[in-house]
$ cat model23.tsv   # TSV, C-alpha atoms
chain	number	residue	atom	x	y	z
A	1475	MET	CA	-32.87	69.66	12.15
A	1476	ASP	CA	-30.75	69.29	15.27
A	1477	THR	CA	-29.66	65.83	14.17
A	1478	VAL	CA	-27.60	67.43	11.38
A	1479	ARG	CA	-24.12	68.49	12.49
A	1480	TRP	CA	-23.92	71.91	10.83
A	1481	ASP	CA	-20.35	73.20	10.59
A	1482	GLU	CA	-19.06	76.42	12.16
A	1483	ARG	CA	-20.63	78.37	9.29
A	1484	GLY	CA	-23.96	76.58	9.79
A	1485	LEU	CA	-23.51	74.57	6.57
A	1486	VAL	CA	-23.23	70.95	5.42
A	1487	PRO	CA	-22.13	69.61	2.02
A	1488	VAL	CA	-24.88	68.07	-0.10
A	1489	ILE	CA	-24.46	65.49	-2.87
A	1490	ALA	CA	-27.10	65.49	-5.61
A	1491	GLN	CA	-27.50	62.04	-7.17
A	1492	GLU	CA	-29.73	61.33	-10.16
A	1493	GLN	CA	-32.72	59.11	-9.49
A	1494	GLY	CA	-32.56	56.07	-11.78
A	1495	SER	CA	-29.03	56.30	-13.19
A	1496	ASN	CA	-27.60	56.99	-9.72
A	1497	ASP	CA	-25.07	59.33	-11.36
A	1498	VAL	CA	-23.49	61.80	-8.95
A	1499	LEU	CA	-24.40	65.17	-10.46
A	1500	MET	CA	-22.92	67.82	-8.19
A	1501	VAL	CA	-21.98	68.85	-4.67
A	1502	ALA	CA	-23.34	72.03	-3.08
A	1503	TRP	CA	-24.09	73.33	0.43
A	1504	MET	CA	-27.15	73.79	2.62
A	1505	ASN	CA	-27.93	75.66	5.79
A	1506	ARG	CA	-31.02	74.96	7.92
A	1507	GLU	CA	-33.25	77.22	5.87
A	1508	ALA	CA	-32.13	75.59	2.60
A	1509	LEU	CA	-32.96	72.13	3.97
A	1510	LEU	CA	-36.35	73.31	5.24
A	1511	GLN	CA	-37.18	74.88	1.87
A	1512	THR	CA	-35.98	71.78	0.00
A	1513	TRP	CA	-38.27	69.64	2.15
A	1514	ALA	CA	-41.23	72.02	1.79
A	1515	ARG	CA	-40.93	72.61	-1.98
A	1516	GLY	CA	-39.74	69.17	-3.03
A	1517	GLN	CA	-37.06	70.90	-5.10
A	1518	ALA	CA	-33.40	71.40	-4.26
A	1519	VAL	CA	-32.62	74.70	-2.54
A	1520	TYR	CA	-28.95	75.22	-1.66
A	1521	TRP	CA	-26.92	77.91	0.06
A	1522	SER	CA	-24.66	79.73	-2.37
A	1523	ARG	CA	-21.36	80.44	-0.64
A	1524	SER	CA	-20.23	82.77	-3.44
A	1525	ARG	CA	-23.43	84.83	-3.48
A	1526	ASN	CA	-24.13	84.33	0.24
A	1527	LYS	CA	-27.82	83.62	-0.24
A	1528	LEU	CA	-30.32	80.84	-0.79
A	1529	TRP	CA	-30.10	79.36	-4.26
A	1530	HIS	CA	-33.11	77.59	-5.73
A	1531	LYS	CA	-31.26	75.36	-8.18
A	1532	GLY	CA	-32.52	76.04	-11.70
A	1533	GLU	CA	-33.93	79.49	-10.89
A	1534	GLU	CA	-31.98	80.97	-13.83
A	1535	SER	CA	-31.19	77.94	-15.98
A	1536	GLY	CA	-34.48	76.08	-15.58
A	1537	HIS	CA	-32.42	73.05	-14.53
A	1538	VAL	CA	-34.55	72.37	-11.46
A	1539	GLN	CA	-33.97	69.30	-9.29
A	1540	THR	CA	-37.08	67.51	-8.04
A	1541	VAL	CA	-36.21	65.76	-4.78
A	1542	HIS	CA	-37.26	62.14	-4.21
A	1543	ASP	CA	-35.20	61.18	-1.17
A	1544	ILE	CA	-33.13	63.00	1.46
A	1545	ARG	CA	-30.42	61.04	3.29
A	1546	LEU	CA	-27.90	61.80	6.01
A	1547	ASP	CA	-24.70	59.87	6.67
A	1548	CYS	CA	-23.55	58.11	9.83
A	1549	ASP	CA	-21.49	61.14	10.92
A	1550	GLN	CA	-24.57	63.34	10.35
A	1551	ASP	CA	-22.52	65.90	8.46
A	1552	VAL	CA	-23.18	65.11	4.78
A	1553	ILE	CA	-26.58	65.10	3.03
A	1554	LEU	CA	-27.42	63.04	-0.06
A	1555	LEU	CA	-30.34	64.01	-2.30
A	1556	LYS	CA	-31.90	61.71	-4.89
A	1557	VAL	CA	-33.22	64.00	-7.60
A	1558	LYS	CA	-34.81	64.12	-11.00
A	1559	GLN	CA	-32.60	66.54	-12.94
A	1560	GLU	CA	-34.59	68.77	-15.29
A	1561	HIS	CA	-33.08	68.70	-18.83
A	1562	GLY	CA	-30.47	66.22	-17.56
A	1563	ILE	CA	-27.94	69.03	-17.05
A	1564	ALA	CA	-26.63	69.77	-13.55
A	1565	CYS	CA	-23.34	71.52	-14.36
A	1566	HIS	CA	-22.99	75.20	-15.22
A	1567	THR	CA	-20.64	74.12	-18.03
A	1568	GLY	CA	-23.63	72.50	-19.76
A	1569	ARG	CA	-22.63	68.96	-18.86
A	1570	HIS	CA	-24.77	66.24	-17.26
A	1571	SER	CA	-22.56	66.03	-14.17
A	1572	CYS	CA	-20.00	68.34	-12.59
A	1573	PHE	CA	-17.59	65.38	-12.26
A	1574	TYR	CA	-16.32	65.45	-15.83
A	1575	LEU	CA	-12.57	65.63	-15.11
A	1576	GLN	CA	-10.89	62.23	-15.06
A	1577	LEU	CA	-7.42	61.52	-13.68
A	1578	ASP	CA	-5.05	59.64	-15.96
A	1579	GLY	CA	-1.27	59.39	-16.16
A	1580	GLU	CA	-1.08	62.85	-17.75
A	1581	GLY	CA	-3.38	64.76	-15.39
A	1582	TRP	CA	-7.10	65.67	-15.38
A	1583	GLN	CA	-8.93	65.31	-18.70
A	1584	ALA	CA	-12.47	66.44	-19.53
A	1585	VAL	CA	-14.24	63.22	-20.57
A	1586	GLU	CA	-17.95	64.18	-20.60
A	1587	PRO	CA	-19.64	66.02	-23.48
A	1588	VAL	CA	-21.10	69.52	-23.23
A	1589	LEU	CA	-24.81	68.97	-23.86
A	1590	CYS	CA	-25.79	72.62	-24.06
A	1591	ASP	CA	-23.74	75.78	-24.62
A	1592	PRO	CA	-23.60	77.62	-21.27
A	1593	GLU	CA	-24.30	80.90	-23.09
A	1594	ARG	CA	-27.66	79.46	-24.09
A	1595	ILE	CA	-28.38	78.31	-20.52
A	1596	TYR	CA	-27.70	81.64	-18.82
A	1597	ARG	CA	-28.87	84.64	-20.80
B	811	MET	CA	-1.98	67.76	-8.27
B	812	ASP	CA	-2.03	71.55	-8.58
B	813	THR	CA	-5.33	71.38	-10.45
B	814	VAL	CA	-7.06	70.31	-7.24
B	815	ARG	CA	-8.13	73.25	-5.05
B	816	TRP	CA	-7.03	71.95	-1.66
B	817	ASP	CA	-8.68	73.84	1.21
B	818	GLU	CA	-6.83	75.81	3.90
B	819	ARG	CA	-6.08	72.49	5.68
B	820	GLY	CA	-4.75	70.97	2.45
B	821	LEU	CA	-7.80	68.69	2.12
B	822	VAL	CA	-10.68	68.03	-0.25
B	823	PRO	CA	-13.85	65.97	0.34
B	824	VAL	CA	-14.02	62.66	-1.53
B	825	ILE	CA	-17.16	60.74	-2.48
B	826	ALA	CA	-16.80	56.97	-2.84
B	827	GLN	CA	-19.34	55.54	-5.28
B	828	GLU	CA	-19.80	51.83	-5.94
B	829	GLN	CA	-18.86	50.66	-9.42
B	830	GLY	CA	-21.87	48.97	-11.01
B	831	SER	CA	-24.70	49.93	-8.63
B	832	ASN	CA	-23.52	53.56	-8.56
B	833	ASP	CA	-24.56	53.68	-4.89
B	834	VAL	CA	-22.94	56.49	-2.92
B	835	LEU	CA	-21.09	54.65	-0.16
B	836	MET	CA	-19.37	57.31	1.94
B	837	VAL	CA	-17.64	60.68	2.05
B	838	ALA	CA	-14.11	61.09	3.42
B	839	TRP	CA	-11.17	63.45	2.93
B	840	MET	CA	-7.87	63.39	1.05
B	841	ASN	CA	-4.69	65.42	1.11
B	842	ARG	CA	-2.09	65.34	-1.68
B	843	GLU	CA	-0.32	62.32	-0.26
B	844	ALA	CA	-3.59	60.38	0.08
B	845	LEU	CA	-4.45	61.07	-3.56
B	846	LEU	CA	-0.95	60.06	-4.70
B	847	GLN	CA	-1.13	56.82	-2.71
B	848	THR	CA	-4.65	56.10	-4.00
B	849	TRP	CA	-3.39	56.52	-7.56
B	850	ALA	CA	-0.27	54.42	-6.97
B	851	ARG	CA	-1.96	51.56	-5.07
B	852	GLY	CA	-5.27	51.47	-6.92
B	853	GLN	CA	-6.98	51.35	-3.51
B	854	ALA	CA	-8.61	54.20	-1.60
B	855	VAL	CA	-6.33	55.97	0.86
B	856	TYR	CA	-7.93	58.84	2.77
B	857	TRP	CA	-6.83	61.37	5.34
B	858	SER	CA	-8.37	60.70	8.73
B	859	ARG	CA	-9.21	64.04	10.34
B	860	SER	CA	-9.92	62.40	13.70
B	861	ARG	CA	-6.65	60.42	13.81
B	862	ASN	CA	-4.72	63.03	11.81
B	863	LYS	CA	-3.00	60.47	9.60
B	864	LEU	CA	-3.29	58.60	6.33
B	865	TRP	CA	-6.02	55.98	6.41
B	866	HIS	CA	-5.84	53.05	4.02
B	867	LYS	CA	-9.55	52.21	3.95
B	868	GLY	CA	-10.05	48.62	5.08
B	869	GLU	CA	-6.69	48.37	6.88
B	870	GLU	CA	-8.53	47.14	10.00
B	871	SER	CA	-11.87	45.92	8.67
B	872	GLY	CA	-10.64	44.34	5.44
B	873	HIS	CA	-13.27	46.46	3.65
B	874	VAL	CA	-10.80	47.69	1.05
B	875	GLN	CA	-11.93	49.85	-1.87
B	876	THR	CA	-10.40	49.05	-5.27
B	877	VAL	CA	-10.40	52.24	-7.33
B	878	HIS	CA	-11.58	52.16	-10.96
B	879	ASP	CA	-12.00	55.85	-11.74
B	880	ILE	CA	-10.96	59.15	-10.15
B	881	ARG	CA	-12.95	62.26	-11.05
B	882	LEU	CA	-12.81	65.94	-10.10
B	883	ASP	CA	-15.68	68.41	-10.32
B	884	CYS	CA	-15.93	71.68	-12.25
B	885	ASP	CA	-14.92	73.71	-9.17
B	886	GLN	CA	-11.92	71.37	-8.71
B	887	ASP	CA	-12.65	71.01	-5.01
B	888	VAL	CA	-14.48	67.67	-4.73
B	889	ILE	CA	-13.16	64.25	-5.81
B	890	LEU	CA	-15.35	61.31	-6.84
B	891	LEU	CA	-13.99	57.74	-6.73
B	892	LYS	CA	-15.61	54.79	-8.47
B	893	VAL	CA	-14.74	51.78	-6.35
B	894	LYS	CA	-15.30	48.08	-5.89
B	895	GLN	CA	-16.23	47.79	-2.20
B	896	GLU	CA	-14.77	44.66	-0.60
B	897	HIS	CA	-17.52	42.71	1.28
B	898	GLY	CA	-20.04	45.34	0.12
B	899	ILE	CA	-19.75	47.18	3.44
B	900	ALA	CA	-18.43	50.76	3.50
B	901	CYS	CA	-19.92	52.03	6.79
B	902	HIS	CA	-18.37	51.47	10.21
B	903	THR	CA	-21.90	50.60	11.44
B	904	GLY	CA	-21.77	47.47	9.26
B	905	ARG	CA	-24.08	48.87	6.59
B	906	HIS	CA	-23.53	48.94	2.82
B	907	SER	CA	-23.59	52.75	2.70
B	908	CYS	CA	-23.07	55.50	5.27
B	909	PHE	CA	-26.20	57.26	3.95
B	910	TYR	CA	-28.73	55.13	5.82
B	911	LEU	CA	-30.67	57.92	7.58
B	912	GLN	CA	-33.75	59.03	5.63
B	913	LEU	CA	-35.71	62.22	6.29
B	914	ASP	CA	-39.46	61.83	6.68
B	915	GLY	CA	-42.13	63.93	8.40
B	916	GLU	CA	-40.97	62.68	11.81
B	917	GLY	CA	-37.21	63.18	11.44
B	918	TRP	CA	-34.29	60.97	10.37
B	919	GLN	CA	-34.94	57.19	10.31
B	920	ALA	CA	-32.40	54.39	9.74
B	921	VAL	CA	-33.69	52.58	6.64
B	922	GLU	CA	-30.77	50.35	5.60
B	923	PRO	CA	-29.98	46.98	7.23
B	924	VAL	CA	-26.86	46.23	9.25
B	925	LEU	CA	-25.10	43.54	7.20
B	926	CYS	CA	-22.40	42.74	9.75
B	927	ASP	CA	-22.12	43.42	13.48
B	928	PRO	CA	-19.47	46.18	13.90
B	929	GLU	CA	-18.00	44.23	16.82
B	930	ARG	CA	-17.18	41.46	14.35
B	931	ILE	CA	-15.66	43.93	11.86
B	932	TYR	CA	-13.27	45.64	14.30
B	933	ARG	CA	-11.69	43.29	16.79
$ encode --input "model23.tsv" --output "C-alpha cells"
Amino acid sequence: MDTVRWDERGLVPVIAQEQGSNDVLMVAWMNREALLQTWARGQAVYWSRSRNKLWHKGEESGHVQTVHDIRLDCDQDVILLKVKQEHGIACHTGRHSCFYLQLDGEGWQAVEPVLCDPERIYR
Amino acid sequence: MDTVRWDERGLVPVIAQEQGSNDVLMVAWMNREALLQTWARGQAVYWSRSRNKLWHKGEESGHVQTVHDIRLDCDQDVILLKVKQEHGIACHTGRHSCFYLQLDGEGWQAVEPVLCDPERIYR
C-alpha cells in the first residue's frame, strides 16, 4: 500500500482495460480502501469523487468489473486494472468504452455506438 | 479545444496505448499547446510537470510515438492516444510499458523485462 504514491487527496487515477480485447474502458479513482476492497473482492471498487464515497462499479447498473490483474506504473502514481466487463458496457452513456469521442479536423465526434439506452441501465 | 475540461493547472492526463497490441504504454499530461502540437506533428507531445515545459516524447531517447487516433472520454477530462511506439519502448526504465509492477499477495513485483539498458537510452 505504501508503494503507491497517493496524491494530496489520498487518491490515484485508475485505468480499467478489458481483458482479451485490451480496450481501454474508463478511468476512475481509488483511495487505499478502494484498492484493498478491489483486491479482496476481485471486483473493481473505486472512489467516487462526485459522491465522495466508495463505489462498487456496477452496484446500480450490474456492469460489474471482475479484476484479473492489478498493475502500477514506474512513477507509482497510476494503477491499471485488467478486467472482465460485465455486459461489455463500461460507460454510463451505454457505450462499451468511455473513450468514444474522436478528434478530427472539425472537433470531437462521437464514433462508438450506444449499446444500451442509459435509461434502461439506471432505473 | 474548449471541449476538453482542463484542470486548474490547465492539464489533463493522457493515456498512450499501442496501436495493434492495444497495450497501455504510459500515462503523461498535456496542456492545450501540447495537444495542438500533437495534432499538428502527428507525434506525441506532452507537458512535463517535472521540467515544466513541453516534452516531445522521444526527443532524447528516440522513442517517438506516432499518433494514429486521439480520443476523449465521456467526462472530457482524460485523453487516450493510439500510437506506434518507436523501438517498442515507452518506459524510461527501458521496458515496453510503464505498467510493469504487478500486485500479488506479497506486494508489487516487477514482471516485465528490461529491453534496453536505460544508460544506453539516455546518454
$ residues_around --input "model23.tsv" --residues "Ala1584 (chain A)" --least-positions-apart "4" --cutoff "9 Å" --atoms "all atoms listed in the file" --output "ChimeraX atom specification"
/A:1573-1576
$ closest_residue --input "model23.tsv" --among "B:Glu870, B:Val834, B:Lys863, B:Thr876" --to "Ala850 (chain B)" --atoms "only C-alpha atoms"
B:Thr876
$ residues_around --input "model23.tsv" --residues "Met840 (chain B)" --least-positions-apart "3" --cutoff "6 Å" --atoms "all atoms listed in the file" --output "list in words"
Leu821, Val822, Ala844, Tyr856 and Trp857 of chain B
$ calpha_fit_and_write --input "model23.tsv" --fixed "chain B" --moving "chain A" --output "PDB file with C-alpha atoms, keeping the file's coordinate frame"
ATOM      1  CA  MET A1475      -1.975  67.770  -8.274  1.00  0.00           C
ATOM      2  CA  ASP A1476      -2.032  71.547  -8.587  1.00  0.00           C
ATOM      3  CA  THR A1477      -5.317  71.383 -10.472  1.00  0.00           C
ATOM      4  CA  VAL A1478      -7.051  70.319  -7.239  1.00  0.00           C
ATOM      5  CA  ARG A1479      -8.114  73.251  -5.061  1.00  0.00           C
ATOM      6  CA  TRP A1480      -7.026  71.956  -1.650  1.00  0.00           C
ATOM      7  CA  ASP A1481      -8.669  73.848   1.211  1.00  0.00           C
ATOM      8  CA  GLU A1482      -6.823  75.806   3.906  1.00  0.00           C
ATOM      9  CA  ARG A1483      -6.061  72.521   5.676  1.00  0.00           C
ATOM     10  CA  GLY A1484      -4.741  70.992   2.441  1.00  0.00           C
ATOM     11  CA  LEU A1485      -7.791  68.709   2.126  1.00  0.00           C
ATOM     12  CA  VAL A1486     -10.675  68.028  -0.266  1.00  0.00           C
ATOM     13  CA  PRO A1487     -13.832  65.970   0.336  1.00  0.00           C
ATOM     14  CA  VAL A1488     -14.015  62.668  -1.533  1.00  0.00           C
ATOM     15  CA  ILE A1489     -17.163  60.742  -2.474  1.00  0.00           C
ATOM     16  CA  ALA A1490     -16.806  56.971  -2.840  1.00  0.00           C
ATOM     17  CA  GLN A1491     -19.353  55.554  -5.288  1.00  0.00           C
ATOM     18  CA  GLU A1492     -19.802  51.841  -5.942  1.00  0.00           C
ATOM     19  CA  GLN A1493     -18.872  50.659  -9.414  1.00  0.00           C
ATOM     20  CA  GLY A1494     -21.892  48.976 -11.014  1.00  0.00           C
ATOM     21  CA  SER A1495     -24.708  49.925  -8.632  1.00  0.00           C
ATOM     22  CA  ASN A1496     -23.524  53.552  -8.546  1.00  0.00           C
ATOM     23  CA  ASP A1497     -24.560  53.677  -4.875  1.00  0.00           C
ATOM     24  CA  VAL A1498     -22.935  56.500  -2.926  1.00  0.00           C
ATOM     25  CA  LEU A1499     -21.092  54.670  -0.148  1.00  0.00           C
ATOM     26  CA  MET A1500     -19.365  57.317   1.945  1.00  0.00           C
ATOM     27  CA  VAL A1501     -17.641  60.686   2.048  1.00  0.00           C
ATOM     28  CA  ALA A1502     -14.110  61.092   3.411  1.00  0.00           C
ATOM     29  CA  TRP A1503     -11.147  63.446   2.910  1.00  0.00           C
ATOM     30  CA  MET A1504      -7.844  63.389   1.051  1.00  0.00           C
ATOM     31  CA  ASN A1505      -4.690  65.439   1.109  1.00  0.00           C
ATOM     32  CA  ARG A1506      -2.085  65.341  -1.679  1.00  0.00           C
ATOM     33  CA  GLU A1507      -0.315  62.319  -0.257  1.00  0.00           C
ATOM     34  CA  ALA A1508      -3.594  60.384   0.077  1.00  0.00           C
ATOM     35  CA  LEU A1509      -4.443  61.073  -3.575  1.00  0.00           C
ATOM     36  CA  LEU A1510      -0.950  60.063  -4.706  1.00  0.00           C
ATOM     37  CA  GLN A1511      -1.131  56.822  -2.713  1.00  0.00           C
ATOM     38  CA  THR A1512      -4.649  56.094  -3.995  1.00  0.00           C
ATOM     39  CA  TRP A1513      -3.399  56.518  -7.559  1.00  0.00           C
ATOM     40  CA  ALA A1514      -0.267  54.423  -6.965  1.00  0.00           C
ATOM     41  CA  ARG A1515      -1.948  51.550  -5.075  1.00  0.00           C
ATOM     42  CA  GLY A1516      -5.261  51.485  -6.911  1.00  0.00           C
ATOM     43  CA  GLN A1517      -6.964  51.366  -3.514  1.00  0.00           C
ATOM     44  CA  ALA A1518      -8.606  54.198  -1.608  1.00  0.00           C
ATOM     45  CA  VAL A1519      -6.313  55.973   0.851  1.00  0.00           C
ATOM     46  CA  TYR A1520      -7.930  58.843   2.765  1.00  0.00           C
ATOM     47  CA  TRP A1521      -6.800  61.372   5.343  1.00  0.00           C
ATOM     48  CA  SER A1522      -8.356  60.712   8.729  1.00  0.00           C
ATOM     49  CA  ARG A1523      -9.208  64.044  10.329  1.00  0.00           C
ATOM     50  CA  SER A1524      -9.918  62.406  13.699  1.00  0.00           C
ATOM     51  CA  ARG A1525      -6.665  60.434  13.810  1.00  0.00           C
ATOM     52  CA  ASN A1526      -4.699  63.027  11.814  1.00  0.00           C
ATOM     53  CA  LYS A1527      -2.986  60.471   9.604  1.00  0.00           C
ATOM     54  CA  LEU A1528      -3.298  58.609   6.330  1.00  0.00           C
ATOM     55  CA  TRP A1529      -6.008  55.977   6.413  1.00  0.00           C
ATOM     56  CA  HIS A1530      -5.842  53.049   4.014  1.00  0.00           C
ATOM     57  CA  LYS A1531      -9.545  52.220   3.945  1.00  0.00           C
ATOM     58  CA  GLY A1532     -10.050  48.624   5.062  1.00  0.00           C
ATOM     59  CA  GLU A1533      -6.707  48.365   6.880  1.00  0.00           C
ATOM     60  CA  GLU A1534      -8.515  47.119  10.013  1.00  0.00           C
ATOM     61  CA  SER A1535     -11.865  45.921   8.682  1.00  0.00           C
ATOM     62  CA  GLY A1536     -10.661  44.337   5.444  1.00  0.00           C
ATOM     63  CA  HIS A1537     -13.265  46.469   3.655  1.00  0.00           C
ATOM     64  CA  VAL A1538     -10.805  47.696   1.035  1.00  0.00           C
ATOM     65  CA  GLN A1539     -11.937  49.855  -1.885  1.00  0.00           C
ATOM     66  CA  THR A1540     -10.393  49.060  -5.264  1.00  0.00           C
ATOM     67  CA  VAL A1541     -10.398  52.240  -7.347  1.00  0.00           C
ATOM     68  CA  HIS A1542     -11.591  52.158 -10.966  1.00  0.00           C
ATOM     69  CA  ASP A1543     -11.998  55.847 -11.757  1.00  0.00           C
ATOM     70  CA  ILE A1544     -10.966  59.152 -10.167  1.00  0.00           C
ATOM     71  CA  ARG A1545     -12.972  62.274 -11.039  1.00  0.00           C
ATOM     72  CA  LEU A1546     -12.812  65.940 -10.113  1.00  0.00           C
ATOM     73  CA  ASP A1547     -15.686  68.409 -10.328  1.00  0.00           C
ATOM     74  CA  CYS A1548     -15.925  71.674 -12.248  1.00  0.00           C
ATOM     75  CA  ASP A1549     -14.920  73.705  -9.169  1.00  0.00           C
ATOM     76  CA  GLN A1550     -11.919  71.374  -8.708  1.00  0.00           C
ATOM     77  CA  ASP A1551     -12.639  71.009  -5.010  1.00  0.00           C
ATOM     78  CA  VAL A1552     -14.479  67.671  -4.730  1.00  0.00           C
ATOM     79  CA  ILE A1553     -13.157  64.248  -5.808  1.00  0.00           C
ATOM     80  CA  LEU A1554     -15.345  61.307  -6.837  1.00  0.00           C
ATOM     81  CA  LEU A1555     -13.990  57.752  -6.727  1.00  0.00           C
ATOM     82  CA  LYS A1556     -15.615  54.793  -8.468  1.00  0.00           C
ATOM     83  CA  VAL A1557     -14.733  51.778  -6.356  1.00  0.00           C
ATOM     84  CA  LYS A1558     -15.300  48.095  -5.891  1.00  0.00           C
ATOM     85  CA  GLN A1559     -16.230  47.787  -2.211  1.00  0.00           C
ATOM     86  CA  GLU A1560     -14.779  44.666  -0.595  1.00  0.00           C
ATOM     87  CA  HIS A1561     -17.515  42.710   1.277  1.00  0.00           C
ATOM     88  CA  GLY A1562     -20.039  45.333   0.126  1.00  0.00           C
ATOM     89  CA  ILE A1563     -19.749  47.180   3.452  1.00  0.00           C
ATOM     90  CA  ALA A1564     -18.444  50.759   3.509  1.00  0.00           C
ATOM     91  CA  CYS A1565     -19.912  52.016   6.796  1.00  0.00           C
ATOM     92  CA  HIS A1566     -18.376  51.449  10.220  1.00  0.00           C
ATOM     93  CA  THR A1567     -21.894  50.601  11.443  1.00  0.00           C
ATOM     94  CA  GLY A1568     -21.779  47.472   9.261  1.00  0.00           C
ATOM     95  CA  ARG A1569     -24.078  48.868   6.595  1.00  0.00           C
ATOM     96  CA  HIS A1570     -23.537  48.950   2.822  1.00  0.00           C
ATOM     97  CA  SER A1571     -23.572  52.752   2.691  1.00  0.00           C
ATOM     98  CA  CYS A1572     -23.075  55.489   5.269  1.00  0.00           C
ATOM     99  CA  PHE A1573     -26.213  57.248   3.950  1.00  0.00           C
ATOM    100  CA  TYR A1574     -28.727  55.122   5.828  1.00  0.00           C
ATOM    101  CA  LEU A1575     -30.674  57.918   7.560  1.00  0.00           C
ATOM    102  CA  GLN A1576     -33.742  59.028   5.624  1.00  0.00           C
ATOM    103  CA  LEU A1577     -35.715  62.210   6.281  1.00  0.00           C
ATOM    104  CA  ASP A1578     -39.460  61.818   6.691  1.00  0.00           C
ATOM    105  CA  GLY A1579     -42.130  63.901   8.401  1.00  0.00           C
ATOM    106  CA  GLU A1580     -40.978  62.656  11.816  1.00  0.00           C
ATOM    107  CA  GLY A1581     -37.221  63.153  11.437  1.00  0.00           C
ATOM    108  CA  TRP A1582     -34.291  60.939  10.352  1.00  0.00           C
ATOM    109  CA  GLN A1583     -34.949  57.189  10.286  1.00  0.00           C
ATOM    110  CA  ALA A1584     -32.414  54.399   9.749  1.00  0.00           C
ATOM    111  CA  VAL A1585     -33.693  52.584   6.642  1.00  0.00           C
ATOM    112  CA  GLU A1586     -30.760  50.342   5.615  1.00  0.00           C
ATOM    113  CA  PRO A1587     -29.990  46.981   7.241  1.00  0.00           C
ATOM    114  CA  VAL A1588     -26.859  46.241   9.264  1.00  0.00           C
ATOM    115  CA  LEU A1589     -25.112  43.549   7.223  1.00  0.00           C
ATOM    116  CA  CYS A1590     -22.419  42.727   9.751  1.00  0.00           C
ATOM    117  CA  ASP A1591     -22.135  43.420  13.485  1.00  0.00           C
ATOM    118  CA  PRO A1592     -19.502  46.161  13.908  1.00  0.00           C
ATOM    119  CA  GLU A1593     -17.998  44.208  16.821  1.00  0.00           C
ATOM    120  CA  ARG A1594     -17.183  41.445  14.358  1.00  0.00           C
ATOM    121  CA  ILE A1595     -15.662  43.920  11.879  1.00  0.00           C
ATOM    122  CA  TYR A1596     -13.296  45.618  14.321  1.00  0.00           C
ATOM    123  CA  ARG A1597     -11.734  43.264  16.832  1.00  0.00           C
TER     124      ARG A1597
END
$ closest_atom_pairs --input "model23.tsv" --of "chain A" --to "chain B" --cutoff "9 Å" --atoms "only C-alpha atoms" --output "CSV"
residue,atom,partner,partner_atom,distance
A:Met1475,CA,B:Gly917,CA,7.8
A:Thr1477,CA,B:Trp918,CA,7.7
A:Ile1489,CA,B:Ile825,CA,8.7
A:Gln1491,CA,B:Val834,CA,8.3
A:Ser1495,CA,B:Asn832,CA,7.7
A:Asn1496,CA,B:Asn832,CA,5.5
A:Asp1497,CA,B:Asn832,CA,6.6
A:Val1498,CA,B:Val834,CA,8.1
A:Met1500,CA,B:Asp883,CA,7.6
A:Val1501,CA,B:Val888,CA,7.6
A:Trp1513,CA,B:Leu913,CA,8.9
A:Asp1543,CA,B:Gln912,CA,7.3
A:Ile1544,CA,B:Leu913,CA,5.5
A:Arg1545,CA,B:Gln912,CA,4.5
A:Leu1546,CA,B:Leu911,CA,5.0
A:Asp1547,CA,B:Phe909,CA,4.1
A:Cys1548,CA,B:Cys908,CA,5.3
A:Asp1549,CA,B:Cys908,CA,8.1
A:Gln1550,CA,B:Leu911,CA,8.6
A:Val1552,CA,B:Val837,CA,7.6
A:Ile1553,CA,B:Phe909,CA,7.9
A:Leu1554,CA,B:Phe909,CA,7.1
A:Cys1565,CA,B:Cys884,CA,7.7
A:His1566,CA,B:Cys884,CA,8.4
A:Thr1567,CA,B:Cys884,CA,7.8
A:Ser1571,CA,B:Asp883,CA,8.2
A:Cys1572,CA,B:Asp883,CA,4.9
A:Phe1573,CA,B:Asp883,CA,4.1
A:Tyr1574,CA,B:Asp883,CA,6.3
A:Leu1575,CA,B:Leu882,CA,5.0
A:Gln1576,CA,B:Arg881,CA,4.5
A:Leu1577,CA,B:Ile880,CA,5.5
A:Asp1578,CA,B:Ile880,CA,8.3
A:Gly1581,CA,B:Met811,CA,7.9
A:Trp1582,CA,B:Thr813,CA,7.7
$ axis_aligned_box --input "model23.tsv" --around "region 1485-1493 of chain A" --padding-each-side "6 Å" --output "AutoDock Vina command-line options"
--center_x -27.4 --center_y 66.8 --center_z -1.8 --size_x 22.6 --size_y 27.5 --size_z 28.7
$ atom_distance --input "model23.tsv" --atom1 "CA of Leu1528 (chain A)" --atom2 "CA of Gly1516 (chain A)"
15.2 Å
$ residues_near_point --input "model23.tsv" --point "(-30.5, 76.1, 10.9)" --cutoff "8 Å" --atoms "only C-alpha atoms" --output "ChimeraX atom specification"
/A:1475,1480,1484,1505-1507
$ atom_distance --input "model23.tsv" --atom1 "CA of Pro928 (chain B)" --atom2 "CA of Lys894 (chain B)"
20.3 Å
$ residues_around --input "model23.tsv" --residues "Gly1536 (chain A)" --least-positions-apart "2" --cutoff "10 Å" --atoms "all atoms listed in the file" --output "list in words"
Lys1531, Gly1532, Glu1533, Glu1534, Val1538, Gln1539, Glu1560, His1561, Ile1563, Ile1595 and Tyr1596 of chain A
$ closest_residue --input "model23.tsv" --among "A:Lys1556, A:Leu1509, A:Glu1482, A:Gly1568" --to "His1542 (chain A)" --atoms "only C-alpha atoms"
A:Lys1556
$ closest_residue --input "model23.tsv" --among "B:Val924, B:Ala900, B:Val855, B:Val893" --to "Ser871 (chain B)" --atoms "only C-alpha atoms"
B:Ala900
$ atom_distance --input "model23.tsv" --atom1 "CA of Val824 (chain B)" --atom2 "CA of Arg1515 (chain A)"
28.7 Å
